$ cat target.txt   # compact mmCIF, C-alpha atoms and all ligand atoms
# COMPACT_ATOMS: atom_id res chain seq x y z
CA MET U 1 16.99 17.79 -1.18
CA LYS U 2 16.73 14.50 -3.07
CA THR U 3 13.97 13.95 -5.60
CA TYR U 4 12.49 10.52 -6.20
CA LEU U 5 10.52 8.76 -8.88
CA LEU U 6 7.96 6.34 -7.48
CA VAL U 7 6.49 3.54 -9.57
CA LEU U 8 2.96 3.07 -8.26
CA GLY U 9 0.88 -0.09 -7.98
CA ARG U 10 -2.41 -1.05 -9.63
CA HIS U 11 -4.58 1.28 -7.55
CA PRO U 12 -3.03 4.70 -8.09
CA GLU U 13 -5.62 6.71 -6.13
CA LEU U 14 -4.84 4.63 -3.06
CA SER U 15 -1.11 4.73 -3.68
CA ARG U 16 -1.20 8.51 -3.93
CA ALA U 17 -3.45 8.92 -0.91
CA GLU U 18 -1.29 6.82 1.39
CA LEU U 19 1.70 8.99 0.50
CA ARG U 20 0.07 12.06 2.03
CA GLY U 21 2.08 13.15 5.01
CA LYS U 22 4.91 10.85 3.99
CA ALA U 23 6.13 12.80 0.94
CA ASP U 24 5.31 15.89 -1.12
CA GLU U 25 3.89 15.02 -4.51
CA VAL U 26 5.58 17.16 -7.15
CA PHE U 27 4.12 15.61 -10.27
CA TYR U 28 1.96 12.64 -11.19
CA ASP U 29 1.64 11.06 -14.62
CA GLU U 30 -1.67 9.25 -14.87
CA GLU U 31 -0.86 7.39 -18.06
CA LYS U 32 2.45 5.96 -16.84
CA ASN U 33 1.40 5.77 -13.19
CA LEU U 34 4.63 7.43 -12.10
CA LEU U 35 4.96 10.00 -9.35
CA ILE U 36 7.74 12.44 -8.59
CA ALA U 37 8.09 13.18 -4.89
CA GLU U 38 10.27 15.18 -2.53
CA ASN U 39 10.66 15.66 1.17
CA LEU U 40 10.21 12.00 2.08
CA GLN U 41 9.58 11.21 5.74
CA PHE U 42 11.75 8.32 6.82
CA THR U 43 10.59 6.66 10.02
CA ASN U 44 12.23 3.73 11.70
CA PRO U 45 9.78 2.77 14.43
CA ARG U 46 11.65 -0.35 15.52
CA SER U 47 15.27 0.72 14.96
CA LEU U 48 15.69 -1.69 12.06
CA PRO U 49 19.12 -1.94 10.45
CA ARG U 50 17.85 -0.86 7.04
CA GLY U 51 18.58 1.98 4.65
CA GLU U 52 16.25 4.96 4.74
CA GLU U 53 14.82 4.43 1.29
CA GLN U 54 14.09 0.77 1.95
CA LEU U 55 12.40 1.79 5.20
CA PHE U 56 10.30 4.26 3.27
CA ILE U 57 9.06 1.80 0.66
CA ASP U 58 8.54 -0.93 3.26
CA GLN U 59 5.90 1.19 4.96
CA LEU U 60 3.87 1.60 1.75
CA GLY U 61 1.41 -0.87 0.27
CA GLY U 62 1.01 0.91 -3.07
CA THR U 63 4.50 1.83 -4.26
CA ILE U 64 6.36 -0.85 -6.14
CA ARG U 65 9.75 0.71 -6.72
CA MET U 66 11.52 3.95 -5.96
CA ALA U 67 14.40 5.58 -7.78
CA GLU U 68 16.46 8.64 -7.06
CA VAL U 69 16.40 11.25 -9.79
CA VAL U 70 19.98 11.61 -11.04
CA GLY U 71 19.55 14.23 -13.73
CA GLU U 72 17.83 15.36 -16.88
CA PHE U 73 19.50 15.02 -20.29
CA PHE U 74 18.56 16.27 -23.72
CA ASP U 75 21.06 14.20 -25.60
CA LYS U 76 21.17 10.40 -25.70
CA THR U 77 24.96 10.21 -25.76
CA LYS U 78 25.19 12.31 -22.60
CA LEU U 79 22.57 10.09 -20.98
CA GLN U 80 24.59 6.97 -21.79
CA GLN U 81 27.78 8.55 -20.48
CA ALA U 82 26.08 9.45 -17.21
CA ILE U 83 24.88 5.85 -16.85
CA TRP U 84 28.32 4.40 -17.56
CA LYS U 85 29.94 6.76 -15.10
CA ARG U 86 27.67 5.48 -12.36
CA ILE U 87 28.38 1.87 -13.30
CA GLU U 88 32.14 2.51 -13.32
CA ALA U 89 31.99 4.19 -9.92
CA ALA U 90 30.85 1.00 -8.18
CA GLU U 91 32.42 -2.45 -8.02
CA LYS U 92 29.28 -4.26 -9.08
CA PHE U 93 28.61 -6.52 -11.98
CA LYS U 94 24.87 -6.47 -12.78
CA CYS U 95 22.84 -3.79 -14.46
CA GLY U 96 19.33 -3.39 -15.79
CA PHE U 97 17.04 -0.85 -17.42
CA THR U 98 13.43 0.19 -17.35
CA VAL U 99 12.29 2.72 -19.90
CA PHE U 100 9.08 4.72 -19.83
CA GLY U 101 8.08 6.72 -22.87
CA GLY U 102 11.07 5.94 -25.07
CA GLY U 103 9.76 2.77 -26.70
CA LYS U 104 11.62 -0.44 -27.48
CA LYS U 105 14.28 1.35 -29.50
CA LEU U 106 15.59 3.39 -26.59
CA LEU U 107 15.63 0.32 -24.34
CA SER U 108 17.49 -1.87 -26.84
CA ASP U 109 19.97 0.96 -27.60
CA LEU U 110 20.77 1.23 -23.89
CA ILE U 111 21.10 -2.54 -23.48
CA PHE U 112 23.38 -3.06 -26.48
CA SER U 113 25.54 0.00 -26.02
CA THR U 114 26.13 -0.94 -22.35
CA LYS U 115 26.99 -4.53 -23.30
CA ASP U 116 29.45 -3.21 -25.87
CA HIS U 117 30.99 -0.73 -23.48
CA PHE U 118 31.69 -3.12 -20.59
CA ASP U 119 33.05 -6.66 -20.62
CA ARG U 120 32.43 -7.47 -17.00
CA ILE U 121 28.87 -6.13 -16.65
CA ARG U 122 25.89 -8.42 -17.10
CA VAL U 123 22.83 -6.65 -18.46
CA GLU U 124 19.81 -8.30 -16.86
CA ASN U 125 17.10 -7.38 -19.38
CA TYR U 126 16.00 -10.41 -21.34
CA LYS U 127 14.28 -10.18 -24.72
CA GLN U 128 14.70 -6.43 -24.55
CA GLU U 129 11.88 -6.07 -22.05
CA ASN U 130 11.74 -3.69 -19.10
CA LEU U 131 12.75 -5.25 -15.79
CA THR U 132 9.95 -6.11 -13.39
CA SER U 133 10.14 -5.54 -9.64
CA GLY U 134 9.94 -9.32 -9.22
CA GLN U 135 13.04 -9.81 -11.36
CA ILE U 136 14.91 -7.05 -9.54
CA PHE U 137 14.05 -8.67 -6.23
CA GLN U 138 14.73 -12.30 -7.20
CA ARG U 139 18.04 -11.53 -8.89
CA ARG U 140 19.18 -9.14 -6.17
CA ILE U 141 20.01 -6.53 -8.76
CA LEU U 142 20.08 -3.63 -6.29
CA GLN U 143 22.55 -5.49 -4.09
CA LYS U 144 24.73 -6.70 -6.92
CA GLY U 145 24.42 -3.87 -9.38
CA HIS U 146 22.34 -1.01 -10.72
CA GLU U 147 18.91 -0.55 -12.14
CA PHE U 148 18.24 2.59 -14.11
CA ILE U 149 14.84 4.01 -14.90
CA ILE U 150 14.78 6.33 -17.87
CA TRP U 151 11.67 8.39 -18.43
CA LYS U 152 11.52 10.06 -21.81
CA ARG U 153 9.26 13.08 -21.92
CA GLY U 154 9.38 15.06 -25.15
CA GLU U 155 13.05 15.72 -25.85
CA SER U 156 14.11 15.11 -22.27
CA TYR U 157 15.50 11.96 -20.69
CA LEU U 158 15.01 11.83 -16.94
CA LEU U 159 17.64 9.48 -15.52
CA CYS U 160 16.85 7.81 -12.21
CA GLU U 161 18.63 5.04 -10.33
CA THR U 162 16.51 2.59 -8.38
CA VAL U 163 17.26 2.71 -4.67
CA ALA U 164 14.55 0.47 -3.20
CA ASN U 165 12.12 -2.17 -4.33
CA GLN U 166 9.16 -3.84 -2.61
CA ASN U 167 10.33 -6.67 -0.40
CA LEU U 168 8.34 -9.50 -1.95
CA ARG U 169 9.62 -12.11 0.48
CA ASN U 170 8.27 -10.19 3.45
CA TYR U 171 4.86 -9.83 1.79
CA GLU U 172 4.78 -13.54 1.01
CA LEU U 173 5.68 -14.24 4.62
CA ARG U 174 2.81 -12.26 6.05
CA ASP U 175 0.32 -13.36 3.42
CA ARG U 176 0.65 -16.97 2.31
CA LYS U 177 2.80 -18.10 5.21
CA LYS U 178 0.35 -16.95 7.88
CA ASP U 179 -0.68 -19.92 10.05
CA PHE U 180 -4.38 -19.16 9.79
CA ARG U 181 -6.02 -18.04 6.56
CA ASP U 182 -9.70 -18.47 5.82
CA ALA U 183 -10.54 -18.54 2.13
CA LYS U 184 -14.26 -18.19 2.88
CA MET U 185 -13.71 -14.96 4.76
CA GLY U 186 -11.91 -13.45 1.76
CA MET U 187 -8.27 -12.53 2.02
CA LEU U 188 -7.25 -9.02 2.86
CA PRO U 189 -3.93 -8.50 1.07
CA PRO U 190 -1.30 -7.13 3.50
CA LYS U 191 -0.63 -4.33 1.02
CA LEU U 192 -4.22 -3.10 1.26
CA ALA U 193 -4.08 -3.43 5.05
CA GLN U 194 -0.96 -1.27 4.98
CA ILE U 195 -2.70 1.31 2.80
CA LEU U 196 -5.71 1.44 5.17
CA LEU U 197 -3.34 1.89 8.09
CA ASN U 198 -1.51 4.70 6.31
CA LEU U 199 -4.80 6.40 5.44
CA ALA U 200 -5.96 6.21 9.05
CA THR U 201 -2.72 7.51 10.52
CA ALA U 202 -1.62 9.94 7.77
CA ASP U 203 -2.88 13.07 9.37
CA LEU U 204 -0.97 12.41 12.53
CA GLU U 205 2.28 12.67 10.66
CA THR U 206 1.64 15.61 8.34
CA GLY U 207 3.93 18.48 9.06
CA LEU U 208 4.34 17.57 12.70
CA GLN U 209 7.54 17.92 14.65
CA THR U 210 9.47 14.71 15.25
CA GLU U 211 8.69 14.87 18.92
CA ILE U 212 4.95 14.86 18.32
CA LYS U 213 5.28 12.21 15.62
CA ASN U 214 6.94 9.86 18.05
CA ARG U 215 4.25 10.45 20.58
CA ASP U 216 1.62 9.60 18.01
CA ARG U 217 3.20 6.21 17.42
CA SER U 218 1.85 5.41 20.87
CA LEU U 219 -1.63 5.89 19.47
CA THR U 220 -3.71 2.75 19.06
CA VAL U 221 -5.09 1.42 15.78
CA LEU U 222 -8.38 -0.44 16.13
CA ASP U 223 -9.83 -2.96 13.68
CA PRO U 224 -13.38 -3.74 14.86
CA PHE U 225 -13.76 -6.43 12.12
CA CYS U 226 -10.30 -7.92 12.62
CA GLY U 227 -10.93 -11.47 11.28
CA SER U 228 -7.49 -13.09 11.08
CA GLY U 229 -5.76 -9.89 12.22
CA THR U 230 -4.11 -8.62 9.02
CA VAL U 231 -4.54 -4.93 9.87
CA ASN U 232 -3.30 -5.50 13.42
CA ILE U 233 -0.15 -7.17 12.14
CA GLU U 234 0.55 -4.29 9.76
CA ALA U 235 -0.07 -1.78 12.55
CA ALA U 236 2.41 -3.55 14.82
CA ILE U 237 5.00 -3.79 12.04
CA ALA U 238 4.64 -0.02 11.55
CA GLY U 239 5.23 0.53 15.27
CA PHE U 240 1.67 1.26 16.46
CA LYS U 241 -0.21 -0.33 19.31
CA THR U 242 -3.29 -2.11 18.11
CA LEU U 243 -6.64 -3.51 19.17
CA GLY U 244 -8.69 -6.08 17.31
CA SER U 245 -12.22 -7.29 17.79
CA ASP U 246 -14.56 -9.52 15.83
CA LEU U 247 -17.94 -11.14 16.34
CA ASN U 248 -16.52 -14.56 15.61
CA GLU U 249 -14.76 -16.01 18.65
CA ARG U 250 -12.76 -18.52 16.62
CA PHE U 251 -11.31 -15.79 14.40
CA VAL U 252 -10.33 -13.76 17.45
CA GLY U 253 -8.29 -16.71 18.72
CA LYS U 254 -6.71 -17.24 15.31
CA ALA U 255 -5.92 -13.52 14.97
CA ALA U 256 -4.00 -13.68 18.25
CA GLU U 257 -2.09 -16.75 16.99
CA ASN U 258 -1.23 -15.06 13.67
CA PHE U 259 -0.17 -11.93 15.53
CA ALA U 260 2.21 -13.90 17.74
CA GLN U 261 3.59 -15.86 14.77
CA MET U 262 4.37 -12.63 12.87
CA ALA U 263 5.77 -10.95 15.99
CA GLU U 264 8.54 -13.49 15.93
CA LYS U 265 9.28 -12.94 12.26
CA PHE U 266 9.00 -9.15 12.26
CA ARG U 267 10.28 -8.55 15.79
CA TYR U 268 7.50 -6.44 17.21
CA PRO U 269 6.32 -6.89 20.80
CA VAL U 270 3.43 -9.35 21.23
CA THR U 271 2.21 -7.11 24.01
CA SER U 272 1.37 -4.34 21.56
CA THR U 273 -2.11 -5.76 20.97
CA GLU U 274 -5.29 -7.06 22.50
CA PHE U 275 -7.98 -9.12 20.76
CA ARG U 276 -11.58 -9.35 22.00
CA THR U 277 -14.75 -11.05 20.88
CA LYS U 278 -17.15 -8.16 20.35
CA ASN U 279 -19.81 -6.91 18.06
CA ALA U 280 -18.36 -3.98 16.11
CA THR U 281 -21.34 -1.92 17.25
CA LEU U 282 -19.82 -2.05 20.77
CA CYS U 283 -16.14 -2.37 19.85
CA LEU U 284 -14.94 0.37 22.20
CA GLU U 285 -17.01 -0.67 25.19
CA GLY U 286 -14.78 -0.60 28.26
CA ILE U 287 -11.91 1.00 26.38
CA ASP U 288 -10.75 4.43 27.32
CA MET U 289 -7.88 5.46 25.09
CA PRO U 290 -7.63 7.43 21.85
CA VAL U 291 -7.88 5.18 18.80
CA VAL U 292 -8.04 5.52 15.06
CA VAL U 293 -9.92 2.89 13.08
CA ALA U 294 -8.42 1.03 10.13
CA THR U 295 -10.53 -1.86 8.90
CA GLU U 296 -11.56 -3.90 5.93
CA GLY U 297 -15.03 -3.99 7.45
CA TRP U 298 -17.67 -6.59 6.75
CA LEU U 299 -18.28 -7.07 3.04
CA GLY U 300 -21.50 -9.06 3.33
CA GLU U 301 -21.78 -12.70 2.30
CA ASN U 302 -18.86 -14.31 0.52
CA PHE U 303 -20.24 -15.55 -2.82
CA GLU U 304 -19.11 -18.52 -4.86
CA ALA U 305 -21.26 -17.49 -7.80
CA ARG U 306 -22.35 -14.09 -9.02
CA PRO U 307 -25.20 -12.97 -6.72
CA ASP U 308 -28.57 -11.97 -8.14
CA ARG U 309 -30.14 -8.59 -7.67
CA GLU U 310 -32.26 -9.54 -4.66
CA THR U 311 -29.34 -11.08 -2.82
CA ILE U 312 -27.27 -7.96 -3.44
CA HIS U 313 -30.13 -5.80 -2.21
CA LYS U 314 -30.43 -7.84 0.97
CA ASN U 315 -26.68 -7.73 1.61
CA ALA U 316 -26.50 -4.00 0.93
CA GLY U 317 -29.25 -3.38 3.49
CA GLU U 318 -27.49 -5.48 6.14
CA VAL U 319 -24.07 -3.92 5.60
CA LEU U 320 -25.53 -0.41 5.72
CA ASP U 321 -27.52 -1.15 8.83
CA LEU U 322 -24.46 -2.54 10.61
CA TRP U 323 -22.20 0.36 9.58
CA ARG U 324 -24.79 2.93 10.72
CA GLN U 325 -24.71 1.40 14.18
CA VAL U 326 -20.92 1.14 14.17
CA LEU U 327 -20.61 4.79 13.16
CA ASN U 328 -23.02 5.82 15.93
CA HIS U 329 -20.81 4.02 18.44
CA LEU U 330 -17.54 5.45 17.06
CA ALA U 331 -18.99 8.98 17.00
CA GLU U 332 -20.19 8.60 20.57
CA LYS U 333 -16.67 7.49 21.55
CA LYS U 334 -15.25 10.51 19.67
CA VAL U 335 -13.07 8.51 17.30
CA ASP U 336 -11.43 11.06 15.00
CA VAL U 337 -10.39 9.01 11.96
CA ILE U 338 -11.94 5.95 10.32
CA ALA U 339 -10.42 4.33 7.24
CA GLY U 340 -12.30 1.35 5.88
CA CYS U 341 -13.92 -0.50 3.01
CA LEU U 342 -17.50 -0.97 1.93
CA PRO U 343 -18.60 -3.71 -0.44
CA ALA U 344 -19.49 -2.81 -4.04
CA TRP U 345 -21.11 -5.58 -6.04
CA ASN U 346 -20.25 -5.92 -9.71
CA ARG U 347 -23.38 -6.61 -11.67
CA ALA U 348 -24.30 -6.19 -15.34
CA GLY U 349 -21.29 -4.02 -16.04
CA SER U 350 -21.95 -1.59 -13.21
CA LYS U 351 -21.47 -1.44 -9.48
CA GLN U 352 -24.08 -1.48 -6.78
CA THR U 353 -22.68 0.55 -3.90
CA VAL U 354 -23.80 1.62 -0.44
CA SER U 355 -21.36 4.50 -0.04
CA GLU U 356 -23.80 7.32 -0.75
CA LYS U 357 -26.12 6.40 2.11
CA PHE U 358 -23.18 5.52 4.32
CA LEU U 359 -21.56 8.93 3.79
CA LEU U 360 -24.84 10.72 4.39
CA HIS U 361 -25.16 9.04 7.77
CA ALA U 362 -21.51 9.75 8.60
CA GLN U 363 -22.01 13.42 7.80
CA LYS U 364 -25.00 13.60 10.14
CA LEU U 365 -22.69 12.39 12.90
CA GLY U 366 -20.07 15.05 12.14
CA TYR U 367 -17.74 13.03 9.91
CA LYS U 368 -16.42 14.36 6.62
CA PRO U 369 -14.87 12.20 3.91
CA VAL U 370 -11.22 12.91 3.10
CA LEU U 371 -11.19 13.33 -0.67
CA PHE U 372 -8.88 11.35 -2.92
CA ALA U 373 -6.64 13.12 -5.45
CA ASP U 374 -9.34 12.82 -8.14
CA GLY U 375 -11.70 14.76 -5.85
CA LYS U 376 -13.92 11.76 -5.06
CA PRO U 377 -14.86 10.66 -1.53
CA THR U 378 -14.19 6.97 -2.19
CA THR U 379 -12.10 4.85 -4.50
CA PHE U 380 -12.29 1.20 -5.54
CA TYR U 381 -9.88 -1.61 -4.84
CA GLU U 382 -10.72 -4.61 -6.95
CA ARG U 383 -9.37 -7.76 -8.38
CA GLU U 384 -10.30 -9.08 -11.75
CA ASP U 385 -13.33 -11.39 -11.78
CA ALA U 386 -14.23 -10.71 -8.14
CA PHE U 387 -17.96 -10.43 -7.48
CA VAL U 388 -17.42 -7.90 -4.72
CA ALA U 389 -15.05 -4.94 -4.92
CA ARG U 390 -13.92 -2.91 -1.91
CA GLU U 391 -14.85 0.76 -1.88
CA VAL U 392 -12.31 2.55 0.30
CA PHE U 393 -13.19 5.62 2.37
CA VAL U 394 -11.53 7.81 5.00
CA LEU U 395 -13.68 9.78 7.44
CA LYS U 396 -12.52 12.54 9.68
CA ARG U 397 -14.52 13.93 12.61
CA THR U 398 -15.11 17.63 12.30
CA ALA U 399 -17.66 18.23 15.05
C1 LIG W 401 -13.99 -9.43 5.43
S1 LIG W 401 -13.75 -10.15 6.98
C2 LIG W 401 -12.36 -9.29 7.59
C3 LIG W 401 -11.12 -10.07 7.41
C4 LIG W 401 -9.94 -9.42 8.03
N1 LIG W 401 -9.64 -8.16 7.44
C5 LIG W 401 -8.72 -10.33 8.03
O1 LIG W 401 -7.62 -9.81 8.03
O2 LIG W 401 -8.84 -11.53 8.06
C6 LIG W 401 -15.07 -9.48 7.90
C7 LIG W 401 -15.08 -9.87 9.35
O3 LIG W 401 -16.15 -9.18 9.98
C8 LIG W 401 -16.63 -10.00 11.00
N2 LIG W 401 -17.97 -9.49 11.36
C9 LIG W 401 -19.13 -9.58 10.68
N3 LIG W 401 -20.10 -8.94 11.34
C10 LIG W 401 -19.55 -8.42 12.48
C11 LIG W 401 -20.03 -7.62 13.55
N4 LIG W 401 -21.30 -7.24 13.64
N5 LIG W 401 -19.15 -7.25 14.51
C12 LIG W 401 -17.85 -7.63 14.45
N6 LIG W 401 -17.35 -8.39 13.47
C13 LIG W 401 -18.18 -8.77 12.48
C14 LIG W 401 -16.58 -11.39 10.43
O4 LIG W 401 -16.56 -12.36 11.46
C15 LIG W 401 -15.27 -11.33 9.64
O5 LIG W 401 -14.20 -11.79 10.40
$ encode --input "target.txt" --output "structure tokens" --more "lines below"
Ligand SMILES: C[S@@+](CC[C@H](N)C(=O)[O-])C[C@H]1O[C@@H](n2cnc3c(N)ncnc32)[C@H](O)[C@@H]1O
Amino acid sequence: MKTYLLVLGRHPELSRAELRGKADEVFYDEEKNLLIAENLQFTNPRSLPRGEEQLFIDQLGGTIRMAEVVGEFFDKTKLQQAIWKRIEAAEKFKCGFTVFGGGKKLLSDLIFSTKDHFDRIRVENYKQENLTSGQIFQRRILQKGHEFIIWKRGESYLLCETVANQNLRNYELRDRKKDFRDAKMGMLPPKLAQILLNLATADLETGLQTEIKNRDRSLTVLDPFCGSGTVNIEAAIAGFKTLGSDLNERFVGKAAENFAQMAEKFRYPVTSTEFRTKNATLCLEGIDMPVVVATEGWLGENFEARPDRETIHKNAGEVLDLWRQVLNHLAEKKVDVIAGCLPAWNRAGSKQTVSEKFLLHAQKLGYKPVLFADGKPTTFYEREDAFVAREVFVLKRTA
């Protein structure tokens, strides 16, 4: 069985949670934000002509790069020899290094000794800095050469060779190149939409036989606050059927347009969705099929300046009130899994949240939060300087 090193994104709790059911976590290093995993589940929902490892990383919003573990060395010379052997074995001419834990000295030793050893190999590290995923992608290093990740832990050097990297072009395509984007509505990054989708559908894949897994791909993912349709697009790319509804009729139309535009680019069937203008409190009215919910939810007003305490209080009340009604409806319709976000307002160095009351209500209806790896029922997704953070939750129906 192959072992992999995963380089996680900026929100490690989310990155780890979305991997559940897709890989077994063997070890996680909080300080370096690196995860060792085994038993990866490779799914190819649309028969894409892509390598397994690229397929794996493409379905994740929170893993930046993945490398196969090649071996562990306790001697730097043996490490270098192992690297050179791999370079010699392939007719490629680029190479790069990323070092964790070994400091600048280890990185510059590897760069200079490799340059000295080969005439025809171009070492892609500039200024003796680690390579970024952006550089690896832009310079097509994985296609034209090798990237090695060396993780020094105590006396040991773990040598890994990068096998897949986030496809930045595809993210750009479904983010900035979307026909309709509404700055006022706030932009849901496709990566977070992907994470929400993975959280909502994770359980369906855990330990199930392939046969059942395939059947579950026919399950429908609902976003009752679909806005421009980001979650629906990610669901369709992952091979699920999807439903979207929103209170705003104009957004519903635009979501359908975005969905069709991306269907052409990502080759999923346009027929795999339906968009309706509906209040989320009645989102499943007239629908009789099993769904899981993945949604960014409504985050209250979109502020251009930091809101004051009263405004936050008012917004918190409205969001809670709406979600209570939505949960009542979803419970009545026996929806088993709900992954979503609640707003959390940054104010005076702390956060005003609504999650405690929200979770209390959910529990009364028979929902239990799925805990994150740190044991907490929610985790934050935030961008620097944003007035409102997203507090992510996953609920599972137990009653
Ligand atoms: C933060 S935006 C979601 C954006 C979306 N994730 C996207 O990809 O564009 C929240 C959305 O909730 C919708 N909304 C607000 N209250 C609603 C309600 N009661 N029922 C349904 N949709 C509602 C808004 O119209 C808005 O589109």
$ axis_aligned_box --input "target.txt" --around "ligand LIG 401 (chain W)" --padding-each-side "4 Å" --output "lines of an AutoDock Vina configuration file"
center_x = -14.5
center_y = -9.8
center_z = 10.0
size_x = 21.7
size_y = 13.1
size_z = 17.1
$ closest_residue --input "target.txt" --among "U:Gln261, U:Asn315, U:Asn279, U:Ser350" --to "ligand LIG 401 (chain W)" --atoms "all atoms listed in the file"
U:Asn279
$ closest_residue --input "target.txt" --among "U:Val370, U:Leu188, U:Leu219, U:Leu199" --to "ligand LIG 401 (chain W)" --atoms "all atoms listed in the file"
U:Leu188
$ residues_around --input "target.txt" --residues "Val392 (chain U)" --least-positions-apart "2" --cutoff "12 Å" --atoms "all atoms listed in the file" --output "ChimeraX atom specification"
/U:11,13-14,17-18,192-193,195-197,199-200,294-297,299,338-344,353-355,358-359,369-372,376-382,389-390,394-395
$ write_last_selection --input "target.txt" --atoms "C-alpha atoms" --output "JSON list (two decimals), keeping the file's coordinate frame"
[["chain", "number", "residue", "atom", "x", "y", "z"],
["U", 11, "HIS", "CA", -4.58, 1.28, -7.55],
["U", 13, "GLU", "CA", -5.62, 6.71, -6.13],
["U", 14, "LEU", "CA", -4.84, 4.63, -3.06],
["U", 17, "ALA", "CA", -3.45, 8.92, -0.91],
["U", 18, "GLU", "CA", -1.29, 6.82, 1.39],
["U", 192, "LEU", "CA", -4.22, -3.10, 1.26],
["U", 193, "ALA", "CA", -4.08, -3.43, 5.05],
["U", 195, "ILE", "CA", -2.70, 1.31, 2.80],
["U", 196, "LEU", "CA", -5.71, 1.44, 5.17],
["U", 197, "LEU", "CA", -3.34, 1.89, 8.09],
["U", 199, "LEU", "CA", -4.80, 6.40, 5.44],
["U", 200, "ALA", "CA", -5.96, 6.21, 9.05],
["U", 294, "ALA", "CA", -8.42, 1.03, 10.13],
["U", 295, "THR", "CA", -10.53, -1.86, 8.90],
["U", 296, "GLU", "CA", -11.56, -3.90, 5.93],
["U", 297, "GLY", "CA", -15.03, -3.99, 7.45],
["U", 299, "LEU", "CA", -18.28, -7.07, 3.04],
["U", 338, "ILE", "CA", -11.94, 5.95, 10.32],
["U", 339, "ALA", "CA", -10.42, 4.33, 7.24],
["U", 340, "GLY", "CA", -12.30, 1.35, 5.88],
["U", 341, "CYS", "CA", -13.92, -0.50, 3.01],
["U", 342, "LEU", "CA", -17.50, -0.97, 1.93],
["U", 343, "PRO", "CA", -18.60, -3.71, -0.44],
["U", 344, "ALA", "CA", -19.49, -2.81, -4.04],
["U", 353, "THR", "CA", -22.68, 0.55, -3.90],
["U", 354, "VAL", "CA", -23.80, 1.62, -0.44],
["U", 355, "SER", "CA", -21.36, 4.50, -0.04],
["U", 358, "PHE", "CA", -23.18, 5.52, 4.32],
["U", 359, "LEU", "CA", -21.56, 8.93, 3.79],
["U", 369, "PRO", "CA", -14.87, 12.20, 3.91],
["U", 370, "VAL", "CA", -11.22, 12.91, 3.10],
["U", 371, "LEU", "CA", -11.19, 13.33, -0.67],
["U", 372, "PHE", "CA", -8.88, 11.35, -2.92],
["U", 376, "LYS", "CA", -13.92, 11.76, -5.06],
["U", 377, "PRO", "CA", -14.86, 10.66, -1.53],
["U", 378, "THR", "CA", -14.19, 6.97, -2.19],
["U", 379, "THR", "CA", -12.10, 4.85, -4.50],
["U", 380, "PHE", "CA", -12.29, 1.20, -5.54],
["U", 381, "TYR", "CA", -9.88, -1.61, -4.84],
["U", 382, "GLU", "CA", -10.72, -4.61, -6.95],
["U", 389, "ALA", "CA", -15.05, -4.94, -4.92],
["U", 390, "ARG", "CA", -13.92, -2.91, -1.91],
["U", 394, "VAL", "CA", -11.53, 7.81, 5.00],
["U", 395, "LEU", "CA", -13.68, 9.78, 7.44]]
$ closest_residue --input "target.txt" --among "U:Arg139, U:His329, U:Lys254, U:Arg20" --to "Asp179 (chain U)" --atoms "all atoms listed in the file"
U:Lys254
$ residues_around --input "target.txt" --residues "Arg276 (chain U)" --least-positions-apart "6" --cutoff "12 Å" --atoms "only C-alpha atoms" --output "NGL selection string"
:U and (222-227 or 229 or 242-256 or 282-287)
$ write_last_selection --input "target.txt" --atoms "C-alpha atoms" --output "PDB file, in the coordinates of the input"
ATOM      1  CA  LEU U 222      -8.380  -0.440  16.130  1.00  0.00           C
ATOM      2  CA  ASP U 223      -9.830  -2.960  13.680  1.00  0.00           C
ATOM      3  CA  PRO U 224     -13.380  -3.740  14.860  1.00  0.00           C
ATOM      4  CA  PHE U 225     -13.760  -6.430  12.120  1.00  0.00           C
ATOM      5  CA  CYS U 226     -10.300  -7.920  12.620  1.00  0.00           C
ATOM      6  CA  GLY U 227     -10.930 -11.470  11.280  1.00  0.00           C
ATOM      7  CA  GLY U 229      -5.760  -9.890  12.220  1.00  0.00           C
ATOM      8  CA  THR U 242      -3.290  -2.110  18.110  1.00  0.00           C
ATOM      9  CA  LEU U 243      -6.640  -3.510  19.170  1.00  0.00           C
ATOM     10  CA  GLY U 244      -8.690  -6.080  17.310  1.00  0.00           C
ATOM     11  CA  SER U 245     -12.220  -7.290  17.790  1.00  0.00           C
ATOM     12  CA  ASP U 246     -14.560  -9.520  15.830  1.00  0.00           C
ATOM     13  CA  LEU U 247     -17.940 -11.140  16.340  1.00  0.00           C
ATOM     14  CA  ASN U 248     -16.520 -14.560  15.610  1.00  0.00           C
ATOM     15  CA  GLU U 249     -14.760 -16.010  18.650  1.00  0.00           C
ATOM     16  CA  ARG U 250     -12.760 -18.520  16.620  1.00  0.00           C
ATOM     17  CA  PHE U 251     -11.310 -15.790  14.400  1.00  0.00           C
ATOM     18  CA  VAL U 252     -10.330 -13.760  17.450  1.00  0.00           C
ATOM     19  CA  GLY U 253      -8.290 -16.710  18.720  1.00  0.00           C
ATOM     20  CA  LYS U 254      -6.710 -17.240  15.310  1.00  0.00           C
ATOM     21  CA  ALA U 255      -5.920 -13.520  14.970  1.00  0.00           C
ATOM     22  CA  ALA U 256      -4.000 -13.680  18.250  1.00  0.00           C
ATOM     23  CA  LEU U 282     -19.820  -2.050  20.770  1.00  0.00           C
ATOM     24  CA  CYS U 283     -16.140  -2.370  19.850  1.00  0.00           C
ATOM     25  CA  LEU U 284     -14.940   0.370  22.200  1.00  0.00           C
ATOM     26  CA  GLU U 285     -17.010  -0.670  25.190  1.00  0.00           C
ATOM     27  CA  GLY U 286     -14.780  -0.600  28.260  1.00  0.00           C
ATOM     28  CA  ILE U 287     -11.910   1.000  26.380  1.00  0.00           C
TER      29      ILE U 287
END
